[in-house]
Amino acid sequence: MINLILFGPPGSGKGTQAAKLVEKYNLVHISTGDLFRYEMGNNTPLGLQAKAYMAKGELVPDSVTIGMLLNKVESHPDAAGFIFDGFPRTIPQAGALDEMLAAKNTQVAGLLALHVPDEEIVQRIKLRGNTSGRADDNDESIIRNRINVYKNETSPVYDHYAKSNKSQTINGIGTIDEIFGRLCDAIDQLIG
Ligand code: AMP
């Protein structure tokens, strides 16, 4: 199995790039943000639990997020591998992912972090807000909170995988195809 973490702050292009990567590498894309939005859209108990956190740009509690992620992985028993997008966002989430993969005799192959400067992120998310219909994309203070949450709570996940030399930073500025090319080069090195 090839299991990749597509990492980076909100608005760094993870979703766009994940959609292209799954086609090329035949992997299953799991975005916890998309899963929460789907649950919210259907007013499920899980969606209702997530709603208040998402509206503020805070993280949904690990207990909720990890359970949802594990269920989703289990629903793809024949996957050749996964691209995790927006997960893990905390050290306990990373620990849960590592454990789950170890139980399947596999592991995270690499974490690819898209680097985009803060001001560029704010501009990109505001632009996306015009069409995404996402309340959390349409308020600058919430956007800035999401960036702070990334720095404070999520960036330690980069260091967690750096300990086993699995983390690398990819320049997230350029055209979609340029950034895709950089990601593919990194993945091709990882899968040899
Ligand atoms: P995203 O679409 O990845 O930007 O996620 C949108 C929102 O969903 C985040 O601001 C969080 O409120 C929530 N969320 C998504 N993934 C996670 C996660 N792994 N852990 C906690 N909250 C998450």
# chains A, B, ... in the order shown; residues from 1 in each chain; ligands from 1

call {"tool": "closest_atom_pairs", "arguments": {"of": "chain A", "to": "ligand 1", "cutoff": "7 Å", "atoms": "only C-alpha atoms and all ligand atoms", "output": "CSV"}}
result
residue,atom,partner,partner_atom_place_in_ligand_line,distance
A:Pro10,CA,ligand 1,4 (O),5.1
A:Ser31,CA,ligand 1,3 (O),6.6
A:Thr32,CA,ligand 1,16 (N),4.3
A:Gly33,CA,ligand 1,2 (O),3.6
A:Asp34,CA,ligand 1,2 (O),5.8
A:Phe36,CA,ligand 1,8 (O),6.2
A:Tyr53,CA,ligand 1,12 (O),5.2
A:Met54,CA,ligand 1,12 (O),3.5
A:Gly57,CA,ligand 1,10 (O),4.3
A:Glu58,CA,ligand 1,12 (O),4.8
A:Leu59,CA,ligand 1,22 (N),3.7
A:Val60,CA,ligand 1,22 (N),3.9
A:Pro61,CA,ligand 1,21 (C),6.0
A:Asp62,CA,ligand 1,20 (N),6.3
A:Thr65,CA,ligand 1,20 (N),5.6
A:Asp85,CA,ligand 1,3 (O),6.9
A:Gly86,CA,ligand 1,3 (O),4.4
A:Phe87,CA,ligand 1,19 (N),4.0
A:Pro88,CA,ligand 1,19 (N),5.0
A:Arg89,CA,ligand 1,19 (N),4.7
A:Arg146,CA,ligand 1,10 (O),6.0

call {"tool": "write_last_selection", "arguments": {"atoms": "N, CA, C and O atoms", "output": "short mmCIF file (atom, residue, chain, number, x, y, z; two decimals), in the first residue's frame"}}
result
data_model
loop_
_atom_site.label_atom_id
_atom_site.label_comp_id
_atom_site.auth_asym_id
_atom_site.auth_seq_id
_atom_site.Cartn_x
_atom_site.Cartn_y
_atom_site.Cartn_z
N PRO A 10 -4.93 25.60 5.45
CA PRO A 10 -6.14 25.72 4.63
C PRO A 10 -5.82 26.60 3.43
O PRO A 10 -5.05 27.55 3.54
N SER A 31 -10.73 13.12 2.52
CA SER A 31 -10.65 14.47 3.08
C SER A 31 -11.61 14.54 4.26
O SER A 31 -12.83 14.40 4.08
N THR A 32 -11.07 14.74 5.45
CA THR A 32 -11.97 14.80 6.62
C THR A 32 -12.86 16.03 6.55
O THR A 32 -14.00 16.00 7.00
N GLY A 33 -12.36 17.13 5.96
CA GLY A 33 -13.20 18.32 5.80
C GLY A 33 -14.41 18.01 4.92
O GLY A 33 -15.55 18.36 5.25
N ASP A 34 -14.17 17.32 3.79
CA ASP A 34 -15.28 16.94 2.90
C ASP A 34 -16.25 16.01 3.63
O ASP A 34 -17.47 16.12 3.46
N PHE A 36 -16.87 15.82 6.84
CA PHE A 36 -17.68 16.59 7.79
C PHE A 36 -18.74 17.42 7.06
O PHE A 36 -19.88 17.51 7.52
N TYR A 53 -17.80 23.66 15.67
CA TYR A 53 -16.34 23.79 15.57
C TYR A 53 -15.95 24.34 14.21
O TYR A 53 -15.11 25.23 14.09
N MET A 54 -16.55 23.77 13.18
CA MET A 54 -16.20 24.19 11.82
C MET A 54 -16.56 25.65 11.59
O MET A 54 -15.82 26.39 10.95
N GLY A 57 -13.88 27.71 12.82
CA GLY A 57 -12.53 27.42 12.32
C GLY A 57 -11.68 26.69 13.34
O GLY A 57 -10.46 26.66 13.25
N GLU A 58 -12.36 26.07 14.32
CA GLU A 58 -11.65 25.25 15.31
C GLU A 58 -11.64 23.80 14.86
O GLU A 58 -12.44 23.40 14.02
N LEU A 59 -10.77 23.00 15.47
CA LEU A 59 -10.74 21.58 15.13
C LEU A 59 -11.89 20.85 15.80
O LEU A 59 -12.21 21.11 16.97
N VAL A 60 -12.48 19.92 15.08
CA VAL A 60 -13.47 19.02 15.66
C VAL A 60 -12.68 18.09 16.61
O VAL A 60 -11.54 17.72 16.30
N PRO A 61 -13.26 17.72 17.76
CA PRO A 61 -12.49 16.91 18.72
C PRO A 61 -11.96 15.61 18.11
O PRO A 61 -12.60 15.00 17.25
N ASP A 62 -10.80 15.21 18.59
CA ASP A 62 -10.14 14.01 18.07
C ASP A 62 -11.05 12.78 18.14
O ASP A 62 -11.05 11.96 17.22
N THR A 65 -13.31 12.86 15.18
CA THR A 65 -12.61 12.84 13.90
C THR A 65 -11.96 11.47 13.63
O THR A 65 -12.05 10.93 12.53
N ASP A 85 -6.07 13.88 3.27
CA ASP A 85 -6.10 15.32 2.99
C ASP A 85 -6.82 15.99 4.16
O ASP A 85 -8.00 15.74 4.39
N GLY A 86 -6.08 16.80 4.93
CA GLY A 86 -6.69 17.43 6.09
C GLY A 86 -6.72 16.53 7.31
O GLY A 86 -7.38 16.82 8.30
N PHE A 87 -6.02 15.44 7.25
CA PHE A 87 -5.88 14.49 8.36
C PHE A 87 -4.51 13.86 8.25
O PHE A 87 -4.12 13.52 7.13
N PRO A 88 -3.76 13.66 9.31
CA PRO A 88 -4.03 14.06 10.69
C PRO A 88 -3.71 15.53 10.94
O PRO A 88 -2.82 16.10 10.34
N ARG A 89 -4.47 16.13 11.85
CA ARG A 89 -4.29 17.54 12.20
C ARG A 89 -3.83 17.72 13.64
O ARG A 89 -3.66 18.85 14.08
N ARG A 146 -8.25 29.85 11.36
CA ARG A 146 -7.88 28.53 10.81
C ARG A 146 -6.38 28.45 10.58
O ARG A 146 -5.76 27.41 10.79
#

call {"tool": "residues_around", "arguments": {"residues": "range 134-140 of chain A", "least_positions_apart": "4", "cutoff": "10 Å", "atoms": "only C-alpha atoms", "output": "PyMOL selection string"}}
result
chain A and resi 10-11+37+54-57+122-130+144-146

call {"tool": "select_by_dssp", "arguments": {"residues": "range 51-84 of chain A", "states": "strand (DSSP E)", "output": "ChimeraX atom specification"}}
result
/A:81-84

call {"tool": "write_last_selection", "arguments": {"atoms": "all heavy atoms", "output": "tab-separated table (two decimals), in the first residue's frame"}}
result
chain	number	residue	atom	x	y	z
A	81	GLY	N	-4.08	2.11	-1.64
A	81	GLY	CA	-3.47	3.08	-0.74
A	81	GLY	C	-4.37	4.30	-0.63
A	81	GLY	O	-5.41	4.36	-1.29
A	82	PHE	N	-3.97	5.21	0.22
A	82	PHE	CA	-4.81	6.37	0.51
A	82	PHE	C	-4.02	7.66	0.40
A	82	PHE	O	-2.81	7.69	0.67
A	82	PHE	CB	-5.35	6.27	1.94
A	82	PHE	CG	-6.30	5.12	2.15
A	82	PHE	CD1	-5.83	3.89	2.59
A	82	PHE	CD2	-7.65	5.26	1.89
A	82	PHE	CE1	-6.71	2.81	2.77
A	82	PHE	CE2	-8.54	4.20	2.06
A	82	PHE	CZ	-8.06	2.97	2.50
A	83	ILE	N	-4.73	8.72	0.02
A	83	ILE	CA	-4.20	10.07	0.20
A	83	ILE	C	-5.04	10.73	1.27
A	83	ILE	O	-6.26	10.92	1.09
A	83	ILE	CB	-4.27	10.90	-1.09
A	83	ILE	CG1	-3.34	10.29	-2.13
A	83	ILE	CG2	-3.88	12.36	-0.81
A	83	ILE	CD1	-3.17	11.14	-3.36
A	84	PHE	N	-4.43	11.02	2.38
A	84	PHE	CA	-5.13	11.69	3.48
A	84	PHE	C	-4.95	13.19	3.32
A	84	PHE	O	-3.83	13.68	3.23
A	84	PHE	CB	-4.57	11.20	4.82
A	84	PHE	CG	-4.79	9.73	5.04
A	84	PHE	CD1	-3.74	8.83	4.84
A	84	PHE	CD2	-6.03	9.24	5.40
A	84	PHE	CE1	-3.93	7.47	5.02
A	84	PHE	CE2	-6.24	7.88	5.57
A	84	PHE	CZ	-5.18	6.99	5.38

call {"tool": "atom_distance", "arguments": {"atom1": "CA of Asn148 in chain A", "atom2": "CA of Val28 in chain A"}}
result
28.8 Å

call {"tool": "residues_around", "arguments": {"residues": "Asn105 in chain A", "least_positions_apart": "4", "cutoff": "12 Å", "atoms": "only C-alpha atoms", "output": "list in words"}}
result
Met1, Ile2, Asn3, Asp98, Glu99, Met100 and Leu101 of chain A

call {"tool": "closest_residue", "arguments": {"among": "A:Pro117, A:Glu153, A:Ala103, A:Gly110", "to": "Gln189 in chain A", "atoms": "only C-alpha atoms"}}
result
A:Gly110

call {"tool": "atom_distance", "arguments": {"atom1": "CA of Leu27 in chain A", "atom2": "CA of Tyr161 in chain A"}}
result
20.5 Å

call {"tool": "closest_residue", "arguments": {"among": "A:Ile121, A:Val157, A:Pro92, A:Phe180", "to": "Ile5 in chain A", "atoms": "only C-alpha atoms"}}
result
A:Val157

call {"tool": "atom_distance", "arguments": {"atom1": "CA of Asn71 in chain A", "atom2": "CA of Met40 in chain A"}}
result
17.0 Å

call {"tool": "residues_around", "arguments": {"residues": "Asp159 in chain A", "least_positions_apart": "4", "cutoff": "12 Å", "atoms": "only C-alpha atoms", "output": "PyMOL selection string"}}
result
chain A and resi 7+89-91+94+111+113+151+153-155+163-169

call {"tool": "write_last_selection", "arguments": {"atoms": "C-alpha atoms", "output": "mmCIF file, in the first residue's frame"}}
result
data_model
loop_
_atom_site.group_PDB
_atom_site.id
_atom_site.type_symbol
_atom_site.label_atom_id
_atom_site.label_comp_id
_atom_site.auth_asym_id
_atom_site.auth_seq_id
_atom_site.Cartn_x
_atom_site.Cartn_y
_atom_site.Cartn_z
ATOM 1 C CA PHE A 7 -0.352 18.459 4.351
ATOM 2 C CA ARG A 89 -4.287 17.539 12.198
ATOM 3 C CA THR A 90 -3.155 16.694 15.754
ATOM 4 C CA ILE A 91 -0.574 14.385 17.303
ATOM 5 C CA ALA A 94 -1.294 10.937 13.801
ATOM 6 C CA LEU A 111 3.988 13.573 4.286
ATOM 7 C CA ALA A 113 3.494 19.759 2.992
ATOM 8 C CA LYS A 151 0.297 26.709 13.195
ATOM 9 C CA GLU A 153 -2.177 22.532 16.713
ATOM 10 C CA THR A 154 -1.400 20.980 13.340
ATOM 11 C CA SER A 155 2.200 21.857 12.482
ATOM 12 C CA LYS A 163 11.471 12.203 13.048
ATOM 13 C CA SER A 164 11.353 9.245 10.664
ATOM 14 C CA ASN A 165 12.473 11.403 7.700
ATOM 15 C CA LYS A 166 9.051 11.197 6.089
ATOM 16 C CA SER A 167 8.165 14.888 5.966
ATOM 17 C CA GLN A 168 9.026 17.162 3.101
ATOM 18 C CA THR A 169 7.996 20.656 2.095
#
